[in-house]
Amino acid sequence: MDIVSQLQEQVNAMALLAMNTFGTLQRDAPPVRLSPNYPEPTANASEETIGAEYPKTMSAALVEAAKKFDVLVTALPLSSEEAQLKRIAELQEENKAVGLELEKQLEAAEKELKQVQELFNQAADNCLNLKKTD
């Protein structure tokens, strides 16, 4: 797997960790009074609130994922703008050559398809003509 794909996967993993952490905190956090104008919130006795260790565990996992991301970023190859432009030009030329080859193959496939269709039509006509003579 290339480095960019690994970076994308690491970003997805970090986003998933953050989403799960925030969602769990939102779901399990005890109610808090927003303002003195509001009544004191009542705690739902059937729901347990999160322990003090869970946020620390999830924070550590998120920090670890961020560190892995940083390692991947430092592993990216550094090159000058000129080298990047040269590589882009090379890739465009390669893409153009592959595109021409694909066009040739498509034309050959379309020609072959027409031949097969003509043969099929001839075979179908021959079968119909044989049945008429019976």
# chains A, B, ... in the order shown; residues from 1 in each chain; ligands from 1
call {"tool": "select_by_dssp", "arguments": {"residues": "chain A", "states": "helix (DSSP H, G or I)", "output": "MDAnalysis selection string"}}
result
chainID A and resid 3:28 53:74 81:133
call {"tool": "residues_around", "arguments": {"residues": "Met58 (chain A)", "least_positions_apart": "6", "cutoff": "9 Å", "atoms": "only C-alpha atoms", "output": "list in words"}}
result
Leu17, Ala18, Asn20 and Thr21 of chain A
call {"tool": "write_last_selection", "arguments": {"atoms": "C-alpha atoms", "output": "short mmCIF file (atom, residue, chain, number, x, y, z; two decimals), in the first residue's frame"}}
result
data_model
loop_
_atom_site.label_atom_id
_atom_site.label_comp_id
_atom_site.auth_asym_id
_atom_site.auth_seq_id
_atom_site.Cartn_x
_atom_site.Cartn_y
_atom_site.Cartn_z
CA LEU A 17 -11.84 7.45 17.19
CA ALA A 18 -12.91 11.07 17.62
CA ASN A 20 -16.76 7.36 18.95
CA THR A 21 -15.21 9.31 21.81
#
call {"tool": "atom_distance", "arguments": {"atom1": "CA of Asp2 (chain A)", "atom2": "CA of Asn95 (chain A)"}}
result
19.3 Å
